[in-house]
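The file input_10.cif comes next; it holds mmCIF, C-alpha atoms and all ligand atoms.
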```cif
data_query
#
loop_
_atom_site.label_atom_id
_atom_site.label_comp_id
_atom_site.auth_asym_id
_atom_site.auth_seq_id
_atom_site.Cartn_x
_atom_site.Cartn_y
_atom_site.Cartn_z
CA MET A 240 18.95 -5.12 9.68
CA SER A 241 20.96 -8.33 9.43
CA ALA A 242 24.33 -8.51 7.67
CA HIS A 243 25.93 -11.42 5.82
CA SER A 244 29.31 -11.96 4.21
CA PRO A 245 28.70 -11.60 0.48
CA GLU A 246 31.43 -12.30 -2.08
CA ARG A 247 30.89 -8.89 -3.65
CA ARG A 248 30.21 -5.88 -1.49
CA GLY A 249 26.81 -4.37 -2.11
CA SER A 250 25.19 -1.17 -0.95
CA ARG A 251 23.35 -0.18 2.20
CA LEU A 252 19.76 0.92 1.62
CA ASP A 253 18.16 3.61 3.75
CA VAL A 254 14.53 4.58 3.49
CA SER A 255 13.61 7.66 5.45
CA LYS A 256 10.24 9.37 5.92
CA LEU A 257 8.90 8.12 2.57
CA SER A 258 5.41 9.45 1.89
CA LEU A 259 3.30 8.84 -1.18
CA ARG A 260 -0.12 10.05 -2.22
CA TYR A 261 -2.38 9.29 -5.15
CA GLY A 262 -4.29 12.52 -5.71
CA MET A 263 -5.80 13.47 -2.38
CA VAL A 264 -5.28 10.03 -0.86
CA GLN A 265 -2.22 9.57 1.33
CA VAL A 266 -1.04 5.99 0.89
CA LEU A 267 2.34 5.94 2.66
CA HIS A 268 2.87 7.96 5.85
CA GLN A 269 6.52 8.84 6.48
CA VAL A 270 7.77 5.28 6.21
CA SER A 271 11.25 4.89 7.70
CA LEU A 272 13.15 1.63 7.90
CA PRO A 273 16.29 0.65 9.79
CA SER A 274 19.34 0.55 7.46
CA ILE A 275 19.19 -2.54 5.26
CA LEU A 276 22.61 -4.11 4.75
CA PRO A 277 23.92 -5.94 1.67
CA GLY A 278 22.97 -9.61 1.62
CA THR A 279 19.63 -9.10 3.37
CA VAL A 280 16.31 -10.59 2.30
CA VAL A 281 13.42 -8.45 3.50
CA ALA A 282 9.83 -9.69 3.34
CA LEU A 283 7.29 -6.90 3.03
CA LEU A 284 4.04 -8.05 4.62
CA GLY A 285 0.64 -6.57 5.36
CA PRO A 286 -3.02 -6.83 4.41
CA ASN A 287 -4.51 -5.84 1.07
CA ALA A 288 -4.09 -2.12 0.33
CA ALA A 289 -1.53 -1.73 3.14
CA GLY A 290 0.85 0.03 0.73
CA LYS A 291 3.33 -2.75 -0.09
CA SER A 292 3.36 -2.19 -3.87
CA SER A 293 3.35 1.57 -3.33
CA LEU A 294 6.42 1.31 -1.10
CA LEU A 295 8.27 -0.81 -3.66
CA ARG A 296 7.31 1.58 -6.46
CA GLY A 297 8.33 4.55 -4.33
CA ILE A 298 11.77 3.05 -3.63
CA ALA A 299 12.17 2.26 -7.34
CA GLY A 300 11.30 5.85 -8.24
CA LEU A 301 8.26 4.78 -10.27
CA SER A 302 5.87 6.85 -8.16
CA SER A 303 6.47 10.33 -6.94
CA THR A 304 7.30 10.50 -3.23
CA THR A 305 8.60 12.78 -0.54
CA GLY A 306 11.29 11.62 1.86
CA GLU A 307 14.56 9.95 0.98
CA VAL A 308 15.88 6.70 -0.46
CA CYS A 309 19.68 6.39 -0.20
CA LEU A 310 22.22 3.83 -1.34
CA ASP A 311 25.37 4.05 0.76
CA GLY A 312 24.17 7.40 2.07
CA VAL A 313 23.66 8.95 -1.39
CA PRO A 314 20.07 9.85 -2.38
CA VAL A 315 19.21 7.65 -5.38
CA GLY A 316 17.17 10.44 -6.97
CA GLN A 317 20.37 12.43 -7.57
CA ALA A 318 21.70 9.92 -10.09
CA GLY A 319 18.85 10.30 -12.60
CA PHE A 320 16.27 7.70 -13.57
CA ALA A 321 18.49 5.48 -15.80
CA GLU A 322 21.18 5.15 -13.13
CA ARG A 323 18.57 4.49 -10.45
CA ALA A 324 17.02 1.79 -12.66
CA ARG A 325 20.45 0.19 -13.10
CA LYS A 326 20.90 -0.08 -9.37
CA ILE A 327 17.34 -0.85 -8.32
CA ALA A 328 15.38 -3.50 -10.21
CA TYR A 329 11.61 -3.56 -9.72
CA VAL A 330 9.59 -6.58 -10.80
CA PRO A 331 5.80 -6.15 -10.94
CA GLN A 332 3.51 -9.08 -10.20
CA THR A 333 2.91 -9.77 -13.88
CA LEU A 334 4.91 -8.99 -16.99
CA PRO A 335 2.85 -7.55 -19.83
CA ALA A 336 1.83 -10.41 -22.14
CA ALA A 337 1.78 -8.21 -25.22
CA SER A 338 5.37 -8.53 -26.37
CA ARG A 339 7.01 -9.59 -29.60
CA LEU A 340 10.09 -10.89 -27.82
CA CYS A 341 10.95 -14.46 -26.98
CA VAL A 342 12.14 -15.30 -23.46
CA PHE A 343 15.85 -15.14 -24.37
CA GLU A 344 15.48 -11.77 -26.12
CA SER A 345 13.47 -10.25 -23.27
CA VAL A 346 16.06 -11.29 -20.69
CA LEU A 347 18.86 -10.16 -23.03
CA SER A 348 17.34 -6.71 -23.33
CA ALA A 349 17.18 -6.50 -19.51
CA ALA A 350 20.83 -7.58 -19.31
CA MET A 351 21.85 -4.95 -21.87
CA ALA A 352 20.05 -2.26 -19.87
CA GLY A 353 22.15 -3.19 -16.84
CA ALA A 354 25.44 -3.55 -18.74
CA GLY A 355 28.48 -1.32 -18.26
CA PRO A 356 30.05 1.14 -20.72
CA ASP A 357 32.07 -1.40 -22.87
CA GLY A 358 31.72 -1.50 -26.66
CA ARG A 359 28.44 -2.80 -28.02
CA GLU A 360 29.73 -6.15 -29.34
CA LEU A 361 31.42 -6.98 -26.07
CA ARG A 362 28.33 -5.96 -24.14
CA VAL A 363 26.11 -8.19 -26.27
CA ALA A 364 28.47 -11.16 -25.93
CA ARG A 365 28.78 -10.73 -22.16
CA ALA A 366 25.06 -10.14 -21.74
CA ALA A 367 24.22 -13.26 -23.78
CA GLU A 368 26.45 -15.35 -21.48
CA GLN A 369 24.74 -13.88 -18.44
CA VAL A 370 21.31 -14.57 -19.93
CA GLU A 371 22.21 -18.21 -20.52
CA ALA A 372 23.53 -18.58 -16.97
CA THR A 373 20.42 -16.95 -15.49
CA LEU A 374 18.02 -19.04 -17.57
CA HIS A 375 19.86 -22.20 -16.43
CA GLN A 376 19.76 -21.02 -12.82
CA LEU A 377 15.99 -20.47 -12.96
CA GLU A 378 15.32 -23.65 -14.97
CA LEU A 379 14.02 -21.54 -17.84
CA MET A 380 16.28 -22.83 -20.66
CA PRO A 381 13.52 -25.06 -22.10
CA LEU A 382 11.45 -21.89 -22.63
CA ALA A 383 14.26 -19.74 -24.09
CA ASP A 384 12.81 -19.63 -27.63
CA ARG A 385 9.16 -19.30 -26.62
CA MET A 386 7.40 -15.99 -27.19
CA LEU A 387 6.44 -14.16 -23.98
CA ALA A 388 2.88 -13.90 -25.27
CA GLN A 389 2.67 -17.71 -25.37
CA LEU A 390 3.68 -18.29 -21.75
CA SER A 391 1.45 -19.16 -18.81
CA GLY A 392 1.12 -16.63 -15.98
CA GLY A 393 3.54 -18.55 -13.78
CA GLN A 394 6.09 -18.92 -16.58
CA ARG A 395 5.90 -15.20 -17.26
CA GLN A 396 6.39 -14.46 -13.58
CA ARG A 397 9.58 -16.57 -13.57
CA VAL A 398 10.84 -14.69 -16.63
CA GLY A 399 10.26 -11.42 -14.74
CA LEU A 400 12.55 -12.70 -12.00
CA ALA A 401 15.16 -13.66 -14.62
CA GLN A 402 15.02 -10.14 -16.06
CA ALA A 403 15.77 -8.69 -12.63
CA LEU A 404 18.50 -11.17 -11.64
CA VAL A 405 20.37 -10.84 -14.93
CA ARG A 406 20.79 -7.11 -14.41
CA LYS A 407 22.79 -7.70 -11.22
CA PRO A 408 21.23 -4.78 -9.39
CA ARG A 409 22.14 -3.56 -5.92
CA VAL A 410 18.51 -3.78 -4.81
CA MET A 411 15.82 -6.09 -6.14
CA LEU A 412 12.20 -5.20 -5.40
CA LEU A 413 9.85 -8.10 -6.08
CA ASP A 414 6.10 -7.56 -5.92
CA GLU A 415 4.47 -10.86 -4.95
CA PRO A 416 6.86 -12.87 -7.12
CA THR A 417 5.25 -16.20 -6.18
CA SER A 418 1.59 -15.28 -6.62
CA ALA A 419 1.25 -17.26 -9.87
CA LEU A 420 3.67 -20.08 -9.03
CA ASP A 421 3.03 -23.69 -8.09
CA LEU A 422 4.48 -25.05 -4.84
CA TYR A 423 7.70 -26.26 -6.45
CA TYR A 424 8.49 -22.95 -8.13
CA GLN A 425 7.48 -20.90 -5.07
CA LEU A 426 10.26 -22.61 -3.15
CA ARG A 427 12.76 -22.84 -6.02
CA SER A 428 12.35 -19.20 -7.05
CA LEU A 429 12.76 -17.87 -3.52
CA GLU A 430 15.71 -20.21 -2.92
CA GLN A 431 17.37 -18.67 -5.99
CA VAL A 432 16.61 -15.16 -4.76
CA VAL A 433 18.09 -15.93 -1.34
CA ALA A 434 21.18 -17.60 -2.85
CA GLU A 435 21.83 -14.67 -5.19
CA THR A 436 21.21 -12.16 -2.41
CA LYS A 437 23.83 -13.80 -0.22
CA ARG A 438 26.30 -14.53 -3.05
CA SER A 439 26.25 -11.08 -4.63
CA GLY A 440 25.49 -9.00 -1.57
CA LEU A 441 22.40 -7.45 -3.06
CA ILE A 442 19.31 -6.52 -1.10
CA SER A 443 16.03 -8.25 -1.94
CA MET A 444 12.77 -6.77 -0.75
CA ILE A 445 9.85 -9.07 -1.47
CA ALA A 446 6.15 -8.23 -1.02
CA LEU A 447 4.41 -11.41 0.11
CA HIS A 448 1.03 -12.57 1.38
CA ASP A 449 2.34 -16.00 2.31
CA ILE A 450 3.60 -15.69 5.89
CA ASN A 451 5.20 -19.13 5.70
CA LEU A 452 7.40 -18.11 2.78
CA ALA A 453 8.44 -15.01 4.74
CA LEU A 454 9.25 -17.14 7.80
CA ARG A 455 11.25 -19.57 5.70
CA TYR A 456 13.29 -17.16 3.59
CA ALA A 457 13.41 -13.65 5.05
CA ASP A 458 16.10 -12.33 7.37
CA THR A 459 13.86 -9.43 8.26
CA VAL A 460 10.17 -8.64 7.88
CA VAL A 461 8.57 -5.24 7.49
CA VAL A 462 4.85 -5.24 8.26
CA LEU A 463 2.78 -2.42 6.80
CA SER A 464 -0.78 -1.48 7.63
CA ASN A 465 -2.61 1.57 6.30
CA GLY A 466 0.65 2.94 4.92
CA CYS A 467 2.49 2.80 8.27
CA VAL A 468 5.12 0.41 9.57
CA ARG A 469 3.57 -1.81 12.25
CA GLY A 470 6.50 -4.13 12.83
CA VAL A 471 10.06 -4.58 11.65
CA GLY A 472 12.75 -7.10 12.57
CA CYS A 473 13.33 -10.81 12.98
CA PRO A 474 10.34 -12.68 11.46
CA ARG A 475 9.68 -14.94 14.45
CA GLN A 476 9.68 -12.03 16.87
CA VAL A 477 7.63 -9.63 14.77
CA LEU A 478 4.97 -12.18 13.77
CA SER A 479 3.42 -12.42 17.24
CA PRO A 480 -0.16 -13.39 18.09
CA ALA A 481 -0.80 -9.70 18.86
CA LEU A 482 0.37 -8.65 15.39
CA PHE A 483 -1.74 -11.32 13.67
CA ALA A 484 -4.75 -10.02 15.59
CA GLU A 485 -4.15 -6.29 15.20
CA VAL A 486 -2.85 -6.15 11.63
CA TYR A 487 -4.53 -9.10 9.94
CA GLY A 488 -7.60 -9.57 12.19
CA VAL A 489 -6.90 -13.29 12.63
CA SER A 490 -5.86 -15.56 15.47
CA GLY A 491 -2.47 -17.02 14.76
CA ARG A 492 0.93 -17.94 16.08
CA VAL A 493 4.23 -19.26 14.77
CA VAL A 494 5.27 -22.80 15.63
CA GLU A 495 8.19 -24.97 14.59
CA PHE A 496 7.37 -28.00 12.46
CA ASP A 497 10.18 -30.34 11.34
CA GLY A 498 12.64 -27.51 12.01
CA VAL A 499 10.73 -25.05 9.79
CA PRO A 500 8.81 -22.12 11.35
CA GLN A 501 5.16 -22.19 10.31
CA ALA A 502 2.24 -19.85 10.93
CA VAL A 503 -0.79 -21.59 12.38
CA ILE A 504 -3.86 -19.47 11.71
CA THR A 505 -6.84 -20.69 13.70
CA GLY A 506 -9.51 -18.27 12.55
CA VAL A 507 -10.84 -14.79 11.98
CA ARG A 508 -10.85 -12.68 15.13
CA ALA A 509 -12.99 -9.78 14.10
CA ILE A 510 -14.57 -8.46 10.96
CA ARG A 511 -12.15 -5.90 9.51
CA ASP A 512 -13.28 -2.45 8.41
N1 LIG A 601 -2.68 4.23 -9.17
C1 LIG A 601 -3.40 4.39 -8.06
N2 LIG A 601 -4.26 5.43 -7.94
C2 LIG A 601 -4.97 5.63 -6.81
N3 LIG A 601 -4.89 4.84 -5.72
C3 LIG A 601 -4.04 3.79 -5.78
C4 LIG A 601 -3.27 3.52 -6.94
N4 LIG A 601 -2.51 2.42 -6.70
C5 LIG A 601 -2.83 2.03 -5.44
N5 LIG A 601 -3.75 2.84 -4.90
C6 LIG A 601 -4.30 2.76 -3.53
O1 LIG A 601 -3.19 2.78 -2.65
C7 LIG A 601 -3.44 1.91 -1.54
C8 LIG A 601 -2.25 0.98 -1.39
O2 LIG A 601 -2.21 0.14 -2.52
P1 LIG A 601 -1.03 -0.88 -2.75
O3 LIG A 601 -1.24 -1.49 -4.10
O4 LIG A 601 0.25 -0.21 -2.48
O5 LIG A 601 -1.33 -1.94 -1.59
P2 LIG A 601 -0.77 -3.42 -1.39
O6 LIG A 601 -0.39 -3.53 0.03
O7 LIG A 601 0.27 -3.72 -2.40
O8 LIG A 601 -2.09 -4.25 -1.66
P3 LIG A 601 -2.36 -5.75 -2.19
O9 LIG A 601 -1.85 -6.68 -1.12
O10 LIG A 601 -3.85 -5.79 -2.28
O11 LIG A 601 -1.67 -5.92 -3.51
C9 LIG A 601 -4.77 1.23 -1.81
O12 LIG A 601 -5.77 1.86 -1.05
C10 LIG A 601 -5.00 1.43 -3.28
O13 LIG A 601 -6.37 1.51 -3.57
#
```

Written as structure tokens, how would this file's structure read?
Ligand SMILES: Nc1ncnc2c1ncn2[C@@H]1O[C@H](COP(=O)(O)OP(=O)(O)OP(=O)(O)O)[C@@H](O)[C@H]1O
Amino acid sequence: MSAHSPERRGSRLDVSKLSLRYGMVQVLHQVSLPSILPGTVVALLGPNAAGKSSLLRGIAGLSSTTGEVCLDGVPVGQAGFAERARKIAYVPQTLPAASRLCVFESVLSAAMAGAGPDGRELRVARAAEQVEATLHQLELMPLADRMLAQLSGGQRQRVGLAQALVRKPRVMLLDEPTSALDLYYQLRSLEQVVAETKRSGLISMIALHDINLALRYADTVVVLSNGCVRGVGCPRQVLSPALFAEVYGVSGRVVEFDGVPQAVITGVRAIRD
């Protein structure tokens, strides 16, 4: 998958034959992806129940899987859960509302979790600087002192992104990070993710339902259906009329409008099972 020239070298991510089951139900079937290089934004697409969240959780080590997830050729499972969590940040769709922390404290605790082995005072001072920079970057400073429990769904979702970015992971797994956001913050948040991905050489894998956001921001798309990969590669090539029909059950195609690729969906093709 596509490479860029990040300021800081990141890690290559390899996902090989990843399978996941919940009880008797097989949800992912030997999912393998081409190597994902540092500085790549991957959009993870597919219909409801395709397995997008399961794949992200499997890569993060939050669900038990078979197969292999490697960073620079080393299986991430070998390093233990804490080390894996330092390298791979997973952001669920919604942060739990029940928290006694304010925004600054919640992002600070994420930064501390990702901090290196320096003395505690130094770590806190450095982490606090990083929190401030991240809150500025995501336009969250006005909310810094607000309690998480008092935020709107969209505000909480933006704080979740701040918690991931501040940790400076190698891989960021974002589960529908724009589902609660207005149009402005959908674009601004993904612009920040793309900028940080390129600047730091991390890998961002983003589950999305909005094809237009994928077309606008992703270097690569992975399309899942029934737990299998149905397409992977350059968004404009993968998102063909045949794929819209077969995977989503709709008639659609990608056109260029004012220099921006857009999906035009003209209708439902067939009633899906
Ligand atoms: N904890 C669970 N226990 C049992 N089955 C589950 C569990 N979580 C997910 N599933 C099942 O796994 C399948 C894949 O779900 P998953 O959440 O990964 O899909 P998704 O592509 O993220 O869907 P959506 O777009 O609707 O969020 C679904 O059939 C779902 O019902």

**Contacts of Lys326 (chain A) within 9 Å, only C-alpha atoms, excl. fewer than 4 positions in-chain, as a PyMOL selection string** = chain A and resi 315+321-322+353+406-411

**Prompt:** Within 12 Å of Val460 (chain A), counting all atoms listed in the file, which residues qualify if same-chain residues fewer than 2 places away don't, as a count of residues only?
**Reply:** 40

**Item:** Spatial neighbours of Leu267 (chain A), 6 Å, all atoms listed in the file, chain gap at least 2 places, as a PyMOL selection string
**Value:** chain A and resi 258-259+265+466

Expected selection as an mmCIF file with C-alpha atoms, in the coordinates of the input for ligand LIG 601 (chain A) within 6 Å, all atoms listed in the file:
```cif
data_model
loop_
_atom_site.group_PDB
_atom_site.id
_atom_site.type_symbol
_atom_site.label_atom_id
_atom_site.label_comp_id
_atom_site.auth_asym_id
_atom_site.auth_seq_id
_atom_site.Cartn_x
_atom_site.Cartn_y
_atom_site.Cartn_z
ATOM 1 C CA TYR A 261 -2.380 9.290 -5.150
ATOM 2 C CA VAL A 266 -1.040 5.990 0.890
ATOM 3 C CA PRO A 286 -3.020 -6.830 4.410
ATOM 4 C CA ASN A 287 -4.510 -5.840 1.070
ATOM 5 C CA ALA A 288 -4.090 -2.120 0.330
ATOM 6 C CA ALA A 289 -1.530 -1.730 3.140
ATOM 7 C CA GLY A 290 0.850 0.030 0.730
ATOM 8 C CA LYS A 291 3.330 -2.750 -0.090
ATOM 9 C CA SER A 292 3.360 -2.190 -3.870
ATOM 10 C CA SER A 293 3.350 1.570 -3.330
#
```

**Message:** Using all atoms listed in the file for the distances, tell me which of A:Leu382, A:Val494, A:Cys309, A:Leu347 is nearest to Ser274 (chain A).
**Reply:** A:Cys309

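When all atoms listed in the file are used to measure the gap to Pro314 (chain A), the shortest distance among A:Val264, A:Leu252, A:Leu276, A:Ala328 belongs to A:Leu252.
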
**Prompt:** Any idea what's packed within 12 Å of Ser391 (chain A), counting only C-alpha atoms, ignoring anything in its chain fewer than 5 positions away? Could you give it as an MDAnalysis selection string?
**Reply:** chainID A and resid 333:336 382 385:386 396:398 419:421

**Item:** Atomic separation - CA of Ser348 (chain A) relative to CA of Ala324 (chain A), Å
**Value:** 13.6 Å

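A straight line drawn from CA of Ala388 (chain A) to CA of Ile298 (chain A) is 28.9 Å long.
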
**Item:** Separation of CA of Thr505 (chain A) from CA of Tyr487 (chain A), in Å and rounded to one decimal
**Value:** 12.4 Å

Per-axis box centre and lengths in Å around region 365-372 of chain A, 6 Å margin per side, axis-aligned, as AutoDock Vina command-line options:
```
--center_x 25.0 --center_y -14.4 --center_z -20.4 --size_x 19.5 --size_y 20.4 --size_z 18.8
```
